[in-house]
Each structure stands twice: as structure tokens, then as C-alpha cells.
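Text of final.pdb, listed as PDB, C-alpha atoms:
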```pdb
ATOM      1  CA  MET P   1       0.000   0.000   0.000
ATOM      2  CA  SER P   2       2.759   2.373   0.987
ATOM      3  CA  SER P   3       4.796   1.413  -2.055
ATOM      4  CA  THR P   4       1.800   2.178  -4.263
ATOM      5  CA  SER P   5       1.338   5.582  -2.697
ATOM      6  CA  ASN P   6       5.019   6.265  -3.051
ATOM      7  CA  ASN P   7       4.859   5.305  -6.700
ATOM      8  CA  ASN P   8       1.877   7.602  -7.193
ATOM      9  CA  SER P   9       3.552  10.480  -5.426
ATOM     10  CA  THR P  10       6.707  10.058  -7.465
ATOM     11  CA  LEU P  11       4.795  10.018 -10.729
ATOM     12  CA  ALA P  12       5.370  13.106 -12.814
ATOM     13  CA  PRO P  13       2.241  15.161 -13.609
ATOM     14  CA  PRO P  14       1.050  14.881 -17.209
ATOM     15  CA  LYS P  15       2.470  17.588 -19.348
ATOM     16  CA  SER P  16       0.457  17.190 -22.488
ATOM     17  CA  PRO P  17      -2.822  19.187 -22.551
ATOM     18  CA  LEU P  18      -4.655  16.106 -23.738
ATOM     19  CA  LEU P  19      -3.330  14.088 -20.817
ATOM     20  CA  LYS P  20      -4.269  16.894 -18.456
ATOM     21  CA  LEU P  21      -7.744  16.934 -19.900
ATOM     22  CA  LEU P  22      -8.030  13.158 -19.581
ATOM     23  CA  ALA P  23      -6.838  13.282 -15.989
ATOM     24  CA  SER P  24      -9.355  15.952 -15.052
ATOM     25  CA  LEU P  25     -12.062  14.058 -16.906
ATOM     26  CA  GLN P  26     -11.194  10.893 -15.029
ATOM     27  CA  LYS P  27     -11.329  12.762 -11.756
ATOM     28  CA  PHE P  28     -14.709  14.230 -12.674
ATOM     29  CA  ILE P  29     -16.138  10.852 -13.723
ATOM     30  CA  VAL P  30     -14.925   9.116 -10.576
ATOM     31  CA  LYS P  31     -16.341  11.870  -8.396
ATOM     32  CA  GLU P  32     -19.721  11.807 -10.145
ATOM     33  CA  PHE P  33     -19.828   8.018  -9.999
ATOM     34  CA  LEU P  34     -19.313   8.083  -6.251
ATOM     35  CA  TRP P  35     -21.962  10.784  -5.890
ATOM     36  CA  ILE P  36     -24.409   8.684  -7.922
ATOM     37  CA  ILE P  37     -23.757   5.601  -5.784
ATOM     38  CA  CYS P  38     -24.152   7.594  -2.562
ATOM     39  CA  GLY P  39     -27.305   9.263  -3.891
ATOM     40  CA  ALA P  40     -28.799   5.917  -4.890
ATOM     41  CA  LEU P  41     -28.142   4.507  -1.423
ATOM     42  CA  VAL P  42     -29.391   7.539   0.470
ATOM     43  CA  SER P  43     -32.543   7.720  -1.672
ATOM     44  CA  VAL P  44     -33.816   4.326  -0.463
ATOM     45  CA  PRO P  45     -34.693   5.251   3.170
ATOM     46  CA  ILE P  46     -35.959   8.665   2.091
ATOM     47  CA  THR P  47     -38.226   6.957  -0.451
ATOM     48  CA  PHE P  48     -39.616   4.637   2.236
ATOM     49  CA  ILE P  49     -40.461   7.645   4.388
ATOM     50  CA  ALA P  50     -41.952   9.580   1.453
ATOM     51  CA  VAL P  51     -44.107   6.645   0.282
ATOM     52  CA  ARG P  52     -45.322   6.089   3.814
ATOM     53  CA  PHE P  53     -46.205   9.787   4.062
ATOM     54  CA  ILE P  54     -48.002   9.751   0.688
ATOM     55  CA  ARG P  55     -49.997   6.629   1.555
ATOM     56  CA  ASN P  56     -51.096   8.202   4.839
ATOM     57  CA  HIS P  57     -52.583  11.165   2.949
ATOM     58  CA  PRO P  58     -55.201   9.859   0.492
ATOM     59  CA  THR P  59     -55.902  13.245  -1.126
ATOM     60  CA  LEU P  60     -52.214  13.703  -1.824
ATOM     61  CA  LEU P  61     -52.072  10.178  -3.216
ATOM     62  CA  VAL P  62     -55.005  10.865  -5.573
ATOM     63  CA  ASP P  63     -53.452  14.109  -6.793
ATOM     64  CA  LEU P  64     -50.081  12.477  -7.240
ATOM     65  CA  GLN P  65     -51.569   9.570  -9.163
ATOM     66  CA  LYS P  66     -52.941  12.055 -11.674
ATOM     67  CA  VAL P  67     -49.349  13.000 -12.411
ATOM     68  CA  ILE P  68     -47.320   9.817 -12.130
ATOM     69  CA  GLY P  69     -50.005   7.233 -12.846
ATOM     70  CA  PRO P  70     -51.705   4.693 -10.606
ATOM     71  CA  ASP P  71     -48.957   2.063 -10.336
ATOM     72  CA  ARG P  72     -45.259   1.799  -9.381
ATOM     73  CA  LEU P  73     -45.454   4.448  -6.716
ATOM     74  CA  PHE P  74     -42.270   3.343  -4.985
ATOM     75  CA  SER P  75     -40.029   3.232  -8.048
ATOM     76  CA  LYS P  76     -41.307   6.562  -9.362
ATOM     77  CA  THR P  77     -40.867   8.214  -5.966
ATOM     78  CA  TYR P  78     -37.380   6.710  -5.757
ATOM     79  CA  LEU P  79     -36.489   8.168  -9.157
ATOM     80  CA  LEU P  80     -37.887  11.568  -8.186
ATOM     81  CA  ILE P  81     -35.952  11.645  -4.912
ATOM     82  CA  PHE P  82     -32.744  10.485  -6.567
ATOM     83  CA  CYS P  83     -33.017  13.227  -9.220
ATOM     84  CA  GLY P  84     -33.937  15.715  -6.505
ATOM     85  CA  LEU P  85     -30.903  14.859  -4.412
ATOM     86  CA  TYR P  86     -28.688  15.248  -7.443
ATOM     87  CA  PHE P  87     -30.354  18.590  -8.188
ATOM     88  CA  ALA P  88     -29.753  19.699  -4.596
ATOM     89  CA  ARG P  89     -26.121  18.750  -4.942
ATOM     90  CA  ILE P  90     -25.850  20.743  -8.183
ATOM     91  CA  VAL P  91     -27.435  23.787  -6.486
ATOM     92  CA  ALA P  92     -25.029  23.537  -3.553
ATOM     93  CA  GLY P  93     -22.067  23.150  -5.913
ATOM     94  CA  ALA P  94     -23.177  26.143  -7.976
ATOM     95  CA  ILE P  95     -23.489  28.382  -4.901
ATOM     96  CA  GLN P  96     -20.097  27.305  -3.597
ATOM     97  CA  ALA P  97     -18.493  27.801  -7.024
ATOM     98  CA  TYR P  98     -20.030  31.286  -7.251
ATOM     99  CA  THR P  99     -18.698  32.135  -3.799
ATOM    100  CA  THR P 100     -15.240  30.832  -4.606
ATOM    101  CA  MET P 101     -15.149  32.741  -7.901
ATOM    102  CA  ASN P 102     -16.108  36.050  -6.265
ATOM    103  CA  THR P 103     -13.816  35.537  -3.278
ATOM    104  CA  GLN P 104     -10.767  34.921  -5.451
ATOM    105  CA  LYS P 105     -11.273  38.138  -7.434
TER
ATOM    106  CA  MET H   1     -81.124 -26.306 -31.020
ATOM    107  CA  SER H   2     -83.693 -27.389 -28.500
ATOM    108  CA  LEU H   3     -85.810 -24.946 -26.562
ATOM    109  CA  ARG H   4     -83.982 -25.733 -23.329
ATOM    110  CA  ASN H   5     -80.568 -25.004 -24.885
ATOM    111  CA  GLY H   6     -81.905 -21.803 -26.419
ATOM    112  CA  ILE H   7     -83.216 -20.538 -23.080
ATOM    113  CA  PHE H   8     -79.916 -21.445 -21.394
ATOM    114  CA  LEU H   9     -77.915 -19.656 -24.092
ATOM    115  CA  GLY H  10     -80.161 -16.595 -23.828
ATOM    116  CA  ILE H  11     -79.693 -16.398 -20.072
ATOM    117  CA  LEU H  12     -75.942 -16.849 -20.497
ATOM    118  CA  VAL H  13     -75.744 -14.055 -23.054
ATOM    119  CA  LEU H  14     -77.817 -11.776 -20.842
ATOM    120  CA  CYS H  15     -75.650 -12.491 -17.813
ATOM    121  CA  CYS H  16     -72.414 -11.955 -19.750
ATOM    122  CA  GLY H  17     -73.760  -8.781 -21.247
ATOM    123  CA  ARG H  18     -74.824  -7.517 -17.861
ATOM    124  CA  ASN H  19     -71.385  -8.066 -16.438
ATOM    125  CA  SER H  20     -69.622  -6.415 -19.335
ATOM    126  CA  ASN H  21     -68.764  -2.729 -19.512
ATOM    127  CA  ASN H  22     -71.235  -2.098 -22.323
ATOM    128  CA  VAL H  23     -74.316  -2.476 -20.218
ATOM    129  CA  ARG H  24     -77.194  -0.420 -21.500
ATOM    130  CA  ALA H  25     -79.048   1.607 -18.956
ATOM    131  CA  ASP H  26     -82.084   3.719 -19.316
ATOM    132  CA  GLU H  27     -82.230   7.432 -18.647
ATOM    133  CA  ALA H  28     -82.477   6.979 -14.882
ATOM    134  CA  GLY H  29     -79.385   4.801 -14.911
ATOM    135  CA  VAL H  30     -81.394   1.595 -14.214
ATOM    136  CA  PHE H  31     -80.606  -1.545 -16.110
ATOM    137  CA  THR H  32     -83.504  -2.765 -18.268
ATOM    138  CA  ILE H  33     -83.965  -5.882 -20.322
ATOM    139  CA  ALA H  34     -85.383  -3.806 -23.186
ATOM    140  CA  GLY H  35     -82.335  -1.613 -23.273
ATOM    141  CA  HIS H  36     -80.104  -4.625 -23.135
ATOM    142  CA  SER H  37     -81.889  -6.399 -25.967
ATOM    143  CA  ALA H  38     -81.556  -3.259 -28.055
ATOM    144  CA  HIS H  39     -77.859  -3.309 -27.361
ATOM    145  CA  LEU H  40     -77.629  -6.954 -28.405
ATOM    146  CA  LEU H  41     -79.556  -6.285 -31.617
ATOM    147  CA  SER H  42     -77.439  -3.310 -32.508
ATOM    148  CA  SER H  43     -74.273  -5.248 -31.799
ATOM    149  CA  PHE H  44     -75.361  -7.856 -34.362
ATOM    150  CA  GLY H  45     -76.202  -5.142 -36.872
ATOM    151  CA  MET H  46     -79.931  -5.726 -36.631
ATOM    152  CA  PRO H  47     -82.425  -2.880 -36.347
ATOM    153  CA  ASP H  48     -84.383  -2.573 -33.151
ATOM    154  CA  ASP H  49     -88.078  -2.113 -33.862
ATOM    155  CA  ASN H  50     -88.878  -1.146 -30.311
ATOM    156  CA  HIS H  51     -86.191   1.468 -30.198
ATOM    157  CA  VAL H  52     -87.580   4.886 -29.490
ATOM    158  CA  GLU H  53     -85.515   7.925 -30.306
ATOM    159  CA  PRO H  54     -84.893  10.013 -27.184
ATOM    160  CA  ALA H  55     -86.697  13.308 -27.054
ATOM    161  CA  PRO H  56     -84.574  16.377 -27.854
ATOM    162  CA  LYS H  57     -83.061  17.743 -24.719
ATOM    163  CA  PRO H  58     -83.886  21.207 -23.486
ATOM    164  CA  GLU H  59     -81.307  23.915 -24.004
ATOM    165  CA  SER H  60     -80.116  23.943 -20.392
ATOM    166  CA  GLU H  61     -79.307  20.231 -20.569
ATOM    167  CA  ALA H  62     -77.552  20.728 -23.894
ATOM    168  CA  GLU H  63     -75.490  23.494 -22.361
ATOM    169  CA  ALA H  64     -74.665  21.228 -19.428
ATOM    170  CA  ASP H  65     -73.576  18.526 -21.864
ATOM    171  CA  SER H  66     -71.368  20.941 -23.766
ATOM    172  CA  ALA H  67     -69.877  22.164 -20.477
ATOM    173  CA  GLY H  68     -69.179  18.546 -19.549
ATOM    174  CA  SER H  69     -67.458  17.901 -22.854
ATOM    175  CA  ILE H  70     -65.390  21.053 -22.411
ATOM    176  CA  GLU H  71     -64.436  19.840 -18.947
ATOM    177  CA  GLN H  72     -63.363  16.535 -20.469
ATOM    178  CA  LEU H  73     -61.292  18.414 -23.017
ATOM    179  CA  LEU H  74     -59.743  20.524 -20.282
ATOM    180  CA  GLU H  75     -58.933  17.482 -18.158
ATOM    181  CA  SER H  76     -55.519  17.099 -19.767
ATOM    182  CA  ILE H  77     -54.789  20.760 -19.064
ATOM    183  CA  THR H  78     -55.868  20.252 -15.455
ATOM    184  CA  ASN H  79     -53.498  17.306 -15.179
ATOM    185  CA  TYR H  80     -50.812  19.478 -16.754
ATOM    186  CA  ARG H  81     -51.438  22.004 -13.991
ATOM    187  CA  TYR H  82     -50.902  19.289 -11.405
ATOM    188  CA  ILE H  83     -47.691  18.209 -13.145
ATOM    189  CA  LEU H  84     -46.413  21.792 -13.144
ATOM    190  CA  LEU H  85     -47.348  22.216  -9.502
ATOM    191  CA  TYR H  86     -45.505  19.100  -8.403
ATOM    192  CA  ILE H  87     -42.453  19.918 -10.535
ATOM    193  CA  LEU H  88     -42.275  23.355  -8.935
ATOM    194  CA  LEU H  89     -42.737  21.794  -5.503
ATOM    195  CA  ALA H  90     -39.911  19.310  -6.105
ATOM    196  CA  VAL H  91     -37.610  22.001  -7.485
ATOM    197  CA  THR H  92     -38.320  24.245  -4.500
ATOM    198  CA  ILE H  93     -37.808  21.509  -1.927
ATOM    199  CA  PHE H  94     -34.617  20.099  -3.395
ATOM    200  CA  GLY H  95     -33.280  23.539  -4.309
ATOM    201  CA  GLY H  96     -33.833  24.572  -0.694
ATOM    202  CA  ILE H  97     -31.984  21.477   0.487
ATOM    203  CA  GLY H  98     -29.087  22.384  -1.841
ATOM    204  CA  PHE H  99     -29.139  25.933  -0.506
ATOM    205  CA  ILE H 100     -28.896  24.680   3.072
ATOM    206  CA  ILE H 101     -26.079  22.275   2.130
ATOM    207  CA  ALA H 102     -24.186  25.149   0.492
ATOM    208  CA  PHE H 103     -24.576  27.302   3.585
ATOM    209  CA  LEU H 104     -23.028  24.617   5.770
ATOM    210  CA  SER H 105     -19.684  25.814   4.438
ATOM    211  CA  PRO H 106     -18.227  28.779   6.409
ATOM    212  CA  GLU H 107     -16.814  30.504   3.311
ATOM    213  CA  THR H 108     -20.275  30.732   1.763
ATOM    214  CA  ARG H 109     -21.755  32.102   4.971
ATOM    215  CA  MET H 110     -18.996  34.674   5.227
ATOM    216  CA  TYR H 111     -19.549  35.754   1.636
ATOM    217  CA  PHE H 112     -23.316  36.168   1.920
ATOM    218  CA  PHE H 113     -23.617  37.531   5.463
ATOM    219  CA  SER H 114     -20.549  39.717   5.902
ATOM    220  CA  ASP H 115     -22.195  43.058   5.132
ATOM    221  CA  GLN H 116     -24.735  44.598   7.522
ATOM    222  CA  ALA H 117     -26.727  46.292   4.720
ATOM    223  CA  VAL H 118     -27.090  42.977   2.880
ATOM    224  CA  ARG H 119     -28.222  41.317   6.086
ATOM    225  CA  ASN H 120     -30.891  43.995   6.565
ATOM    226  CA  PHE H 121     -31.976  43.417   2.986
ATOM    227  CA  TYR H 122     -32.349  39.665   3.630
ATOM    228  CA  ILE H 123     -34.394  40.390   6.743
ATOM    229  CA  LEU H 124     -36.699  42.686   4.767
ATOM    230  CA  ILE H 125     -37.166  40.047   2.062
ATOM    231  CA  LEU H 126     -37.982  37.427   4.700
ATOM    232  CA  PHE H 127     -40.552  39.719   6.328
ATOM    233  CA  PHE H 128     -42.130  40.412   2.949
ATOM    234  CA  PHE H 129     -42.418  36.705   2.151
ATOM    235  CA  LEU H 130     -43.783  36.034   5.626
ATOM    236  CA  ALA H 131     -46.467  38.676   5.119
ATOM    237  CA  VAL H 132     -47.420  37.279   1.705
ATOM    238  CA  LEU H 133     -47.557  33.732   3.060
ATOM    239  CA  LEU H 134     -49.623  34.665   6.083
ATOM    240  CA  ARG H 135     -52.073  36.567   3.875
ATOM    241  CA  LEU H 136     -52.323  33.674   1.406
ATOM    242  CA  LEU H 137     -53.045  31.243   4.213
ATOM    243  CA  GLN H 138     -55.614  33.761   5.523
ATOM    244  CA  ILE H 139     -54.011  33.781   8.954
ATOM    245  CA  VAL H 140     -53.920  37.583   9.015
ATOM    246  CA  SER H 141     -56.374  40.042   7.525
ATOM    247  CA  ASP H 142     -55.672  43.101   5.415
ATOM    248  CA  SER H 143     -56.140  45.469   8.362
ATOM    249  CA  ILE H 144     -53.539  43.670  10.497
ATOM    250  CA  LEU H 145     -51.181  43.634   7.526
ATOM    251  CA  PHE H 146     -51.625  47.381   6.982
ATOM    252  CA  PHE H 147     -51.150  47.968  10.689
ATOM    253  CA  ALA H 148     -47.877  46.007  10.704
ATOM    254  CA  PHE H 149     -46.729  47.801   7.556
ATOM    255  CA  ALA H 150     -47.526  51.206   9.082
ATOM    256  CA  PHE H 151     -45.737  50.221  12.301
ATOM    257  CA  GLY H 152     -42.676  49.208  10.286
ATOM    258  CA  MET H 153     -42.800  52.462   8.343
ATOM    259  CA  GLY H 154     -42.957  54.395  11.623
ATOM    260  CA  VAL H 155     -39.966  52.515  13.040
ATOM    261  CA  GLY H 156     -38.062  53.157   9.795
ATOM    262  CA  ALA H 157     -38.903  56.876   9.913
ATOM    263  CA  CYS H 158     -37.740  57.081  13.542
ATOM    264  CA  LEU H 159     -34.469  55.349  12.706
ATOM    265  CA  LEU H 160     -33.930  57.622   9.715
ATOM    266  CA  ALA H 161     -34.599  60.733  11.745
ATOM    267  CA  ASN H 162     -32.313  59.482  14.493
ATOM    268  CA  SER H 163     -29.506  58.846  12.038
ATOM    269  CA  ILE H 164     -29.917  62.322  10.480
ATOM    270  CA  VAL H 165     -29.875  63.991  13.907
ATOM    271  CA  ALA H 166     -26.846  61.917  14.978
ATOM    272  CA  ARG H 167     -24.994  62.901  11.799
ATOM    273  CA  GLN H 168     -25.768  66.580  12.357
ATOM    274  CA  LYS H 169     -24.590  66.361  15.983
ATOM    275  CA  ARG H 170     -21.401  64.632  14.890
ATOM    276  CA  ASP H 171     -20.679  67.367  12.340
ATOM    277  CA  LEU H 172     -21.039  70.119  14.952
ATOM    278  CA  PRO H 173     -17.798  71.895  15.853
TER
END
```
Take the structure in the file and write it out as C-alpha cells.
Amino acid sequence: MSSTSNNNSTLAPPKSPLLKLLASLQKFIVKEFLWIICGALVSVPITFIAVRFIRNHPTLLVDLQKVIGPDRLFSKTYLLIFCGLYFARIVAGAIQAYTTMNTQK
Amino acid sequence: MSLRNGIFLGILVLCCGRNSNNVRADEAGVFTIAGHSAHLLSSFGMPDDNHVEPAPKPESEAEADSAGSIEQLLESITNYRYILLYILLAVTIFGGIGFIIAFLSPETRMYFFSDQAVRNFYILILFFFLAVLLRLLQIVSDSILFFAFAFGMGVGACLLANSIVARQKRDLP
């Protein structure tokens, strides 16, 4: 493990712009992949709570079924919450990026 | 076909027809054998001799029918309204969650809340939204809202006058 980290630390940074781009792209993809996995895992308990809440409110259930259809309530709620969590993460990232940009000026 | 088989088949057809979705009902919504037989005859392409054309409806009923058909046409738009409402709700909820997550970082808080004037502006916006929300939920009436607004204006005028007087006193030799 330590030898691997030493090897990584001794590696020279890529000099070519294409290699730099590929490295940043790889970093971005790995980061997004981990976010997607975390979001998918976190969405499950939230979906259980949301479905329970929706089923306890029949008027809300009727209104919601007009939008998403009568069946597959759990999977559709799961998809909505997963997309929502990702959207929340994008909003948070955008605000932080805006702050960082204006602070560095 | 014997008479017994014919009667059995007739009963079977009637029962099946009664259980199907195409059950004929009379004007009062009551199932009748005559109406059902007419349905059977028409389904086989045979004319119904006993069929009586319904009397023309009065204008009010015709208007009600047209209103009903318009409501059916507008049903998709109503569903579209629900879709829009829930999309906006989801965007607001998850956007708010993202906002809170962003403000967990101290740099963001420092950037947005460092200036006193900006903080006062945020407080004013929050009060405005609170007033709008309370009025929409009909918790407060217009008179209470005007009273609170007038009270706020009075406080603002006092503060302004105080600041002007303090500035003049400071500039005195």
C-alpha cells in the first residue's frame, strides 16, 4: 500500500494538454460516480419515508396519481428523490463555485 | 337447437352482457332488459323495432352537456397544472436542500452575510415573504397587515430621523 502511494507520489504530472484533460475528466467521472452511488443509497430510506407519508394522505395520493399514474409508486418516488438529491447537490455546488469565484477576485 | 338449450344460451348471453362494460341503462341509470336487448340487436347489426328515439333535450341540458365535454377536453390541461405544480414543488424543496447544504460551508456564509446592509436586505425580504404567506393562508387580515406595515414604516422613519440627527450632531464643531 505504501509502495503504491510512493509510486503515485513520485509520478510526474502529465504535461500534455490532452493528458491533463483526460486526468481531469477521469477525476470528474470518478467523483460523479461516487456521488451517484451515494445518492442511490441515500434515496432508499428517504423513499420509504416519502411513500409512507403519501400513503397516509389519500388526497395527496389521488393528486399524485394524476401526475405519475396509478402504479409503481415506490419506483417513481425513488427516481424523483434520486433526481432531486442530485439537483440539490448541483445547487449547492453552484453556490459554492459562485462564492469561490467572487472571493478569489 | 332445443328450446332448453336456447333458453340457457339466452340467459348466459344476458348475464355476460350484464357483467360487461357495455351495459345499457335507461335514462335513470337503471338496467332494463329492453335496453339490453336493443344493445344486443345493434351489436349484431340488426335494427331494433322497439327502439324509441330520445326526445330532444332542453337547451339547459344541452349546455350542461357541452360544459361537460369542455371539462373533459380541459382534463388534460388540469393534469398538466398538477404536473407543473408538483415539478415546482420538487424544485423548490430540493433547491432549498441544496441551498442549506451550500450554507453549511463557512466561506459561503462569510460571503453572503458579511455586510450589515445585505443582512438587513435579507431580513426585509424574509418579512415580505412572511407577510405574503400569512395573507395567502388567511391567517392575518388586510387590516392587520396594513397595521404592521404602518408600524414598520414608523420605526423606519424614527431610525432615519435618528440617524440624520446623529450625523448633524457629529458634524457640529
Show me, as JSON lines, the residues of chain H having an atom within 12 Å of chain P, each with the closest atom pair and its distance in Å, using all atoms listed in the file.
```
{"residue": "H:Glu75", "atom": "CA", "partner": "P:Lys66", "partner_atom": "CA", "distance": 10.4}
{"residue": "H:Ser76", "atom": "CA", "partner": "P:Lys66", "partner_atom": "CA", "distance": 9.9}
{"residue": "H:Ile77", "atom": "CA", "partner": "P:Lys66", "partner_atom": "CA", "distance": 11.6}
{"residue": "H:Thr78", "atom": "CA", "partner": "P:Lys66", "partner_atom": "CA", "distance": 9.5}
{"residue": "H:Asn79", "atom": "CA", "partner": "P:Lys66", "partner_atom": "CA", "distance": 6.3}
{"residue": "H:Tyr80", "atom": "CA", "partner": "P:Val67", "partner_atom": "CA", "distance": 7.9}
{"residue": "H:Arg81", "atom": "CA", "partner": "P:Val67", "partner_atom": "CA", "distance": 9.4}
{"residue": "H:Tyr82", "atom": "CA", "partner": "P:Val67", "partner_atom": "CA", "distance": 6.6}
{"residue": "H:Ile83", "atom": "CA", "partner": "P:Val67", "partner_atom": "CA", "distance": 5.5}
{"residue": "H:Leu84", "atom": "CA", "partner": "P:Val67", "partner_atom": "CA", "distance": 9.3}
{"residue": "H:Leu85", "atom": "CA", "partner": "P:Val67", "partner_atom": "CA", "distance": 9.9}
{"residue": "H:Tyr86", "atom": "CA", "partner": "P:Leu64", "partner_atom": "CA", "distance": 8.1}
{"residue": "H:Ile87", "atom": "CA", "partner": "P:Leu80", "partner_atom": "CA", "distance": 9.8}
{"residue": "H:Leu88", "atom": "CA", "partner": "P:Gly84", "partner_atom": "CA", "distance": 11.6}
{"residue": "H:Leu89", "atom": "CA", "partner": "P:Gly84", "partner_atom": "CA", "distance": 10.7}
{"residue": "H:Ala90", "atom": "CA", "partner": "P:Gly84", "partner_atom": "CA", "distance": 7.0}
{"residue": "H:Val91", "atom": "CA", "partner": "P:Gly84", "partner_atom": "CA", "distance": 7.3}
{"residue": "H:Thr92", "atom": "CA", "partner": "P:Ala88", "partner_atom": "CA", "distance": 9.7}
{"residue": "H:Ile93", "atom": "CA", "partner": "P:Gly84", "partner_atom": "CA", "distance": 8.3}
{"residue": "H:Phe94", "atom": "CA", "partner": "P:Ala88", "partner_atom": "CA", "distance": 5.0}
{"residue": "H:Gly95", "atom": "CA", "partner": "P:Ala88", "partner_atom": "CA", "distance": 5.2}
{"residue": "H:Gly96", "atom": "CA", "partner": "P:Ala88", "partner_atom": "CA", "distance": 7.5}
{"residue": "H:Ile97", "atom": "CA", "partner": "P:Ala88", "partner_atom": "CA", "distance": 5.8}
{"residue": "H:Gly98", "atom": "CA", "partner": "P:Ala88", "partner_atom": "CA", "distance": 3.9}
{"residue": "H:Phe99", "atom": "CA", "partner": "P:Ala92", "partner_atom": "CA", "distance": 5.6}
{"residue": "H:Ile100", "atom": "CA", "partner": "P:Ala92", "partner_atom": "CA", "distance": 7.8}
{"residue": "H:Ile101", "atom": "CA", "partner": "P:Ala92", "partner_atom": "CA", "distance": 5.9}
{"residue": "H:Ala102", "atom": "CA", "partner": "P:Ala92", "partner_atom": "CA", "distance": 4.4}
{"residue": "H:Phe103", "atom": "CA", "partner": "P:Ala92", "partner_atom": "CA", "distance": 8.1}
{"residue": "H:Leu104", "atom": "CA", "partner": "P:Ala92", "partner_atom": "CA", "distance": 9.6}
{"residue": "H:Ser105", "atom": "CA", "partner": "P:Gln96", "partner_atom": "CA", "distance": 8.2}
{"residue": "H:Pro106", "atom": "CA", "partner": "P:Gln96", "partner_atom": "CA", "distance": 10.3}
{"residue": "H:Glu107", "atom": "CA", "partner": "P:Thr99", "partner_atom": "CA", "distance": 7.5}
{"residue": "H:Thr108", "atom": "CA", "partner": "P:Thr99", "partner_atom": "CA", "distance": 5.9}
{"residue": "H:Arg109", "atom": "CA", "partner": "P:Thr99", "partner_atom": "CA", "distance": 9.3}
{"residue": "H:Met110", "atom": "CA", "partner": "P:Thr99", "partner_atom": "CA", "distance": 9.4}
{"residue": "H:Tyr111", "atom": "CA", "partner": "P:Thr99", "partner_atom": "CA", "distance": 6.6}
{"residue": "H:Phe112", "atom": "CA", "partner": "P:Thr99", "partner_atom": "CA", "distance": 8.4}
{"residue": "H:Phe113", "atom": "CA", "partner": "P:Thr99", "partner_atom": "CA", "distance": 11.8}
```
Between CA of Arg52 in chain P and CA of Pro70 in chain P, what is the distance, to one decimal in Å?
15.8 Å
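Distance-wise, CA of Ala40 in chain P and CA of Leu79 in chain P end up 9.1 Å apart.
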Distance of CA of His57 in chain P from CA of Leu41 in chain P, expressed in Å to one decimal place
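CA of His57 in chain P lies at a distance of 25.7 Å from CA of Leu41 in chain P.
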Using all atoms listed in the file, which residue out of P:Lys20, P:Lys31, P:Gln26, P:Tyr78 lies closest to Pro45 in chain P?
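With all atoms listed in the file as the atom set, the closest residue is P:Tyr78.
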